[in-house]
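Trainee: Before anything else, here's the structure in question.
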Amino acid sequence: MKWILAESDDRVVALLSEQAGLHPLIARLMVNRSIVDPMAARSFLACDLAALSDPALFTHMGKAVSRIRSAIAAGARIIVYGDYDVDGVTGASLLYLTLRDLGADVGCYIPDRLTEGYGLNAHAVQKIKASGAGLVITVDCGISNLREAELARSLGLDLIVTDHHQFTDPKSKPPNPLENRVSSELGAQMSDSGAALPDACAILHPELISPEAPSSLRNSVSVLTGVGIAFKLAQALLELQPDDRNLLRYLDLVTLGTLADVGRITGENRILVKHGLQILSSDTAAERPGVAALKKVSGLNGKAIGVGAVGFTLAPRINASGRLENADVAFRLLTTSSREEAVDLAATLDSVNRERQSVEEVIWEAARRHCRQMDAAAKGALILSSDEWHPGVIGIVASRIVEEFYRPTALISVKDGVGKGSARSIPGFDLYKGLAACADLLTGFGGHTYAAGFTIAESNIPRFRDRLSSLVLEQFGNQGFVRTLSIDSAVTLNDLTIDLMRELEKLAPFGQGNPEPRFGARGLEVLSARAVGNKHLKLRLRQQGGTAFDAIAFNRGSLLGNQVRDGARLAVVFTPRLNAWNGKTTVELDIRDIKPDN
């Protein structure tokens, strides 16, 4: 792994430190995150709800609110159409609860992953129309469903799209007359980019923002995920001001969906997630019954809920029903007011999640074996397919393959000649653009830079494998596939005081776009080293005769006795953490990488 020390102008750091009253190391972390203005730095650390944007920033928010209110006044049936992942389910739950509180005749439709797939589908549109509904509001989907939007229009079914996925680029797909049908206003707005938009009453999307809005606000809302867009619609419908404490009752759902979708923890997301984690950590009578039950079955009762607890404990259970069965169980869990029902539903999700883990492990072992047999190091991309793989789990396995082999990866589940693929990427390769370059081989695709899904005829898989792999190799050229580890600053261990750690904690929550601080230190003497849990290292380190620090190096047990032994000198990259034990608080080093420093 190549270590890269962040380059930040010392003069800019010193100026920010002085003007914003920040410790120099905190100022450097700010500059490394492109925050150089003192007011922006103070706002970042304050993370105040009052800094949330006005929902009217979205170009078609007024139209969306007007159409929804007219439907409520007329007693018309409204259907919230969500996606089956956590972002979609939490967003659909939030909007459903909002509309119900407003007195709407509202229902929810979440497509089945296996039989219907992602996004709007013709069968669902016809079924919803036949049920007597007059308005459909999508959550976390719909932006690429041009044909389905046209069908809804022809049936007299109004459509409001709320989504955050990338627009359909007509140049990346074979010509289709239906996909050139764009409502005049929206089409004119997007004509410069050439993007096609669904024919809808209104579209709420992070790229459809008032042109008069300052760039700071545009950037702030650009990071919103599906549940975040649903939240902005709810904020507008309820006429809640940014400092209204009633906003808090939705932030547990916003946080679950945003973190599960690996949304960037910057701008508006950072504010929502920081306050949402506080709500998730509370155990009060007003707590959402479904979330309370989920925390209990996950063993998190009474514990502070952080980013990791959401991503690795709560979110997988919510996701489980949509991966193996139908996401209706998760939706019911998040919208029920019955504590008894919540307990039953949480137990069901916990059981389904254990089943998901078993299925995932079987696919993981098979995919890993394929990679080793094909000499993965010589490939640009790893494209694996099987008719034995469950399509609801292959995305998770693709992520694990990327982690081990460090190549853009796609796993494809094949049935009756049709493949459903889930892909993940690495820094430096835009997966969505890669799939767009292979669009003539695909029957459909969508997603983001690092994660995407697609469908493909089984007969096209070999050509797709060759083309995507070639594109990756062209992108990386002679530089090869080198894992890098960025370092915010070199430090002296004795500078890591308890007071400084308290200041560092104000930068949380950490995640995509706001990574945990990583520091580098050299000349560390190993005072003691031992294995814990068979594969981890527990160390006692000291720098140049200074104070001794405890350190943990996860999954580095194989270094014991070789690079790491008593008396050895090391260079390490680490994240410092506060450790409270037996009434004493100390600074502990969470080591990310180790190298000899002789």
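Starting from 1 in every chain, residues are counted up; chains themselves are A, B, ... following the order of the structure tokens, and ligands are numbered from 1 as listed.
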Which polymer residues have any atom within 8 Å of an atom of region 53-65 of chain A, counting only C-alpha atoms, with same-chain residues fewer than 3 positions away left out, as a PDB file with C-alpha atoms, in the first residue's frame?
Mentor:
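Below is the file that was written, around_5.pdb:
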ATOM      1  CA  ILE A  68     -49.934  16.637  -3.608  1.00  0.00           C
ATOM      2  CA  ARG A  69     -52.073  19.100  -1.670  1.00  0.00           C
ATOM      3  CA  ILE A 160     -43.914  12.986  -9.259  1.00  0.00           C
ATOM      4  CA  CYS A 201     -45.732  16.635 -13.078  1.00  0.00           C
ATOM      5  CA  ALA A 202     -42.574  17.441 -11.148  1.00  0.00           C
ATOM      6  CA  ILE A 203     -39.088  16.059 -10.674  1.00  0.00           C
ATOM      7  CA  LEU A 204     -37.098  16.572  -7.472  1.00  0.00           C
ATOM      8  CA  HIS A 205     -33.441  15.818  -8.041  1.00  0.00           C
ATOM      9  CA  PRO A 206     -30.177  17.284  -6.653  1.00  0.00           C
ATOM     10  CA  LEU A 208     -32.539  20.315 -10.683  1.00  0.00           C
ATOM     11  CA  ILE A 209     -31.874  23.311  -8.438  1.00  0.00           C
ATOM     12  CA  SER A 210     -32.770  26.959  -8.876  1.00  0.00           C
ATOM     13  CA  ALA A 213     -28.945  29.477  -5.860  1.00  0.00           C
ATOM     14  CA  LEU A 217     -26.163  25.711  -1.438  1.00  0.00           C
ATOM     15  CA  VAL A 221     -27.896  19.527  -1.454  1.00  0.00           C
ATOM     16  CA  LYS A 232     -36.982  17.824   1.648  1.00  0.00           C
ATOM     17  CA  LEU A 233     -40.425  17.126   0.156  1.00  0.00           C
ATOM     18  CA  GLN A 235     -40.189  19.515   4.970  1.00  0.00           C
ATOM     19  CA  ALA A 236     -41.984  21.541   2.278  1.00  0.00           C
ATOM     20  CA  LEU A 237     -45.339  19.775   2.730  1.00  0.00           C
ATOM     21  CA  GLN A 241     -38.548  25.746   9.126  1.00  0.00           C
ATOM     22  CA  PRO A 242     -34.919  24.575   9.424  1.00  0.00           C
ATOM     23  CA  GLU A 268     -26.761  18.869   4.176  1.00  0.00           C
TER      24      GLU A 268
END
Trainee: Excluding same-chain residues fewer than 3 positions from Arg502 (chain A), what lies within 12 Å of it counting only C-alpha atoms, as a list in words?
Mentor: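 In the requested format, the answer is His23, Ile26, Leu496, Thr497, Ile498, Asp499, Glu505, Lys506, Leu507, Ala508, Pro576, Arg577, Leu578, Asn579, Thr585, Thr586 and Val587 of chain A.
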Trainee: Write to file, as an mmCIF file, in the first residue's frame, the residues of the selection just made, with C-alpha atoms.
Mentor:
data_model
loop_
_atom_site.group_PDB
_atom_site.id
_atom_site.type_symbol
_atom_site.label_atom_id
_atom_site.label_comp_id
_atom_site.auth_asym_id
_atom_site.auth_seq_id
_atom_site.Cartn_x
_atom_site.Cartn_y
_atom_site.Cartn_z
ATOM 1 C CA HIS A 23 -5.943 24.114 16.900
ATOM 2 C CA ILE A 26 -7.790 20.796 13.292
ATOM 3 C CA LEU A 496 -2.288 13.754 20.990
ATOM 4 C CA THR A 497 -3.769 15.006 24.235
ATOM 5 C CA ILE A 498 -7.245 14.311 25.605
ATOM 6 C CA ASP A 499 -8.222 17.935 24.908
ATOM 7 C CA GLU A 505 -14.464 14.402 17.775
ATOM 8 C CA LYS A 506 -16.274 17.566 16.644
ATOM 9 C CA LEU A 507 -15.406 16.655 13.048
ATOM 10 C CA ALA A 508 -17.636 13.567 13.287
ATOM 11 C CA PRO A 576 -6.461 8.058 17.302
ATOM 12 C CA ARG A 577 -9.420 7.188 19.536
ATOM 13 C CA LEU A 578 -10.434 7.881 23.115
ATOM 14 C CA ASN A 579 -10.688 4.739 25.212
ATOM 15 C CA THR A 585 -9.666 7.858 29.625
ATOM 16 C CA THR A 586 -6.634 7.366 27.381
ATOM 17 C CA VAL A 587 -5.705 7.843 23.743
#
Trainee: Run DSSP on the backbone of this structure and report the residues of region 404-560 of chain A it assigns to alpha helix (DSSP H), as a PyMOL selection string.
Mentor: chain A and resi 404-405+431-436+461-476+498-505
Trainee: Using only C-alpha atoms, which of A:Ser399, A:Asn514, A:Asn246, A:Gln373 sits nearest Ala234 (chain A)?
Mentor: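 Looking at the shortest contact to Ala234 (chain A), the residue is A:Asn246.
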Trainee: Any idea what's packed within 8 Å of Val106 (chain A), counting only C-alpha atoms, ignoring anything in its chain fewer than 3 positions away? Could you give it as a short mmCIF file (atom, residue, chain, number, x, y, z; two decimals) with C-alpha atoms, in the first residue's frame?
Mentor:
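Result went into out27.cif, see below:
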data_model
loop_
_atom_site.label_atom_id
_atom_site.label_comp_id
_atom_site.auth_asym_id
_atom_site.auth_seq_id
_atom_site.Cartn_x
_atom_site.Cartn_y
_atom_site.Cartn_z
CA ARG A 77 -55.51 7.95 -3.68
CA ILE A 78 -51.74 8.59 -3.53
CA ILE A 79 -49.17 5.79 -3.90
CA VAL A 80 -45.61 6.20 -2.67
CA TYR A 96 -45.83 7.68 3.68
CA LEU A 99 -48.77 12.06 3.91
CA ARG A 100 -50.72 9.99 6.42
#
Trainee: Between A:Ala551, A:Ala451, A:Ile110, A:Ala41, which one has atoms that come closest to Arg530 (chain A), using only C-alpha atoms?
Mentor: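 Going through A:Ala551, A:Ala451, A:Ile110, A:Ala41 one by one, the smallest distance to Arg530 (chain A) is for A:Ala551.
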Trainee: Once DSSP has gone over the backbone, tell me which residues of region 7-239 of chain A are in strand (DSSP E or B), as a VMD selection string.
Mentor: chain A and resid 58 77 to 81 105 to 109 133 to 139 158 to 162 168 196 202 to 204 209
Trainee: Here is a test: counting only C-alpha atoms, which residue of A:Val482, A:Val418, A:Val491, A:Ile137 is nearest to Asn460 (chain A)?
Mentor: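 Nearest candidate to Asn460 (chain A) out of A:Val482, A:Val418, A:Val491, A:Ile137: A:Val418.
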Trainee: If you measure from CA of Val472 (chain A) to CA of Lys433 (chain A), what distance in Å do you get, rounded to one decimal?
Mentor: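 The value is 11.0 Å.
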Trainee: With distances taken over only C-alpha atoms, which of A:Gly82, A:Gly395, A:Gly533, A:Gly91 is nearest to Cys108 (chain A)?
Mentor: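 Distance minimum relative to Cys108 (chain A) lands on A:Gly82.
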Trainee: Please identify all polymer residues within 8 Å of Ile591 (chain A), counting only C-alpha atoms, omitting same-chain residues fewer than 2 positions from it, and present them as a VMD selection string.
Mentor: chain A and resid 551 to 554 572 to 575 589 593 to 594
Trainee: With C-alpha atoms retained, could you export that selection as a compact mmCIF listing (two decimals), in the first residue's frame?
Mentor:
# COMPACT_ATOMS: atom_id res chain seq x y z
CA ALA A 551 -2.47 0.41 19.84
CA ILE A 552 -4.56 -2.15 17.99
CA ALA A 553 -3.84 -3.35 14.43
CA PHE A 554 -6.77 -5.35 13.09
CA VAL A 572 2.50 3.57 11.20
CA VAL A 573 -0.61 5.20 9.82
CA PHE A 574 -3.37 5.40 12.39
CA THR A 575 -6.55 7.03 13.63
CA LEU A 589 -4.09 4.19 18.22
CA ASP A 593 -0.95 0.16 8.15
CA ILE A 594 2.52 -0.72 9.39
Trainee: Please provide the set of residues having any atom within 9 Å of Val13 (chain A), restricted to only C-alpha atoms, with same-chain residues fewer than 2 positions apart removed, written as a list of chain:residue names.
Mentor: A:Ser8, A:Asp9, A:Asp10, A:Arg11, A:Leu15, A:Leu16, A:Ser17, A:Glu18, A:Pro24, A:Leu25, A:Ala27, A:Arg28, A:Leu29, A:Met30, A:Val31, A:Val36
Trainee: Go ahead and save the picked residues with C-alpha atoms, as a PDB file, in the first residue's frame.
Mentor:
ATOM      1  CA  SER A   8      -1.851  21.581   2.273  1.00  0.00           C
ATOM      2  CA  ASP A   9      -0.500  25.111   2.189  1.00  0.00           C
ATOM      3  CA  ASP A  10       1.011  25.883   5.599  1.00  0.00           C
ATOM      4  CA  ARG A  11       0.122  29.569   5.214  1.00  0.00           C
ATOM      5  CA  LEU A  15      -4.445  31.713   8.661  1.00  0.00           C
ATOM      6  CA  LEU A  16      -7.491  29.474   9.191  1.00  0.00           C
ATOM      7  CA  SER A  17      -6.194  28.441  12.616  1.00  0.00           C
ATOM      8  CA  GLU A  18      -5.827  32.093  13.657  1.00  0.00           C
ATOM      9  CA  PRO A  24      -3.404  23.983  14.017  1.00  0.00           C
ATOM     10  CA  LEU A  25      -4.008  20.269  13.496  1.00  0.00           C
ATOM     11  CA  ALA A  27      -7.191  23.631  10.825  1.00  0.00           C
ATOM     12  CA  ARG A  28      -5.059  21.337   8.673  1.00  0.00           C
ATOM     13  CA  LEU A  29      -7.790  18.708   8.642  1.00  0.00           C
ATOM     14  CA  MET A  30     -10.232  21.397   7.515  1.00  0.00           C
ATOM     15  CA  VAL A  31      -7.974  22.544   4.702  1.00  0.00           C
ATOM     16  CA  VAL A  36     -10.569  27.271   4.060  1.00  0.00           C
TER      17      VAL A  36
END
Trainee: Counting only C-alpha atoms, what is within 8 Å of Arg317 (chain A), bar same-chain residues fewer than 5 positions away, as a PyMOL selection string?
Mentor: chain A and resi 349-350+352-353
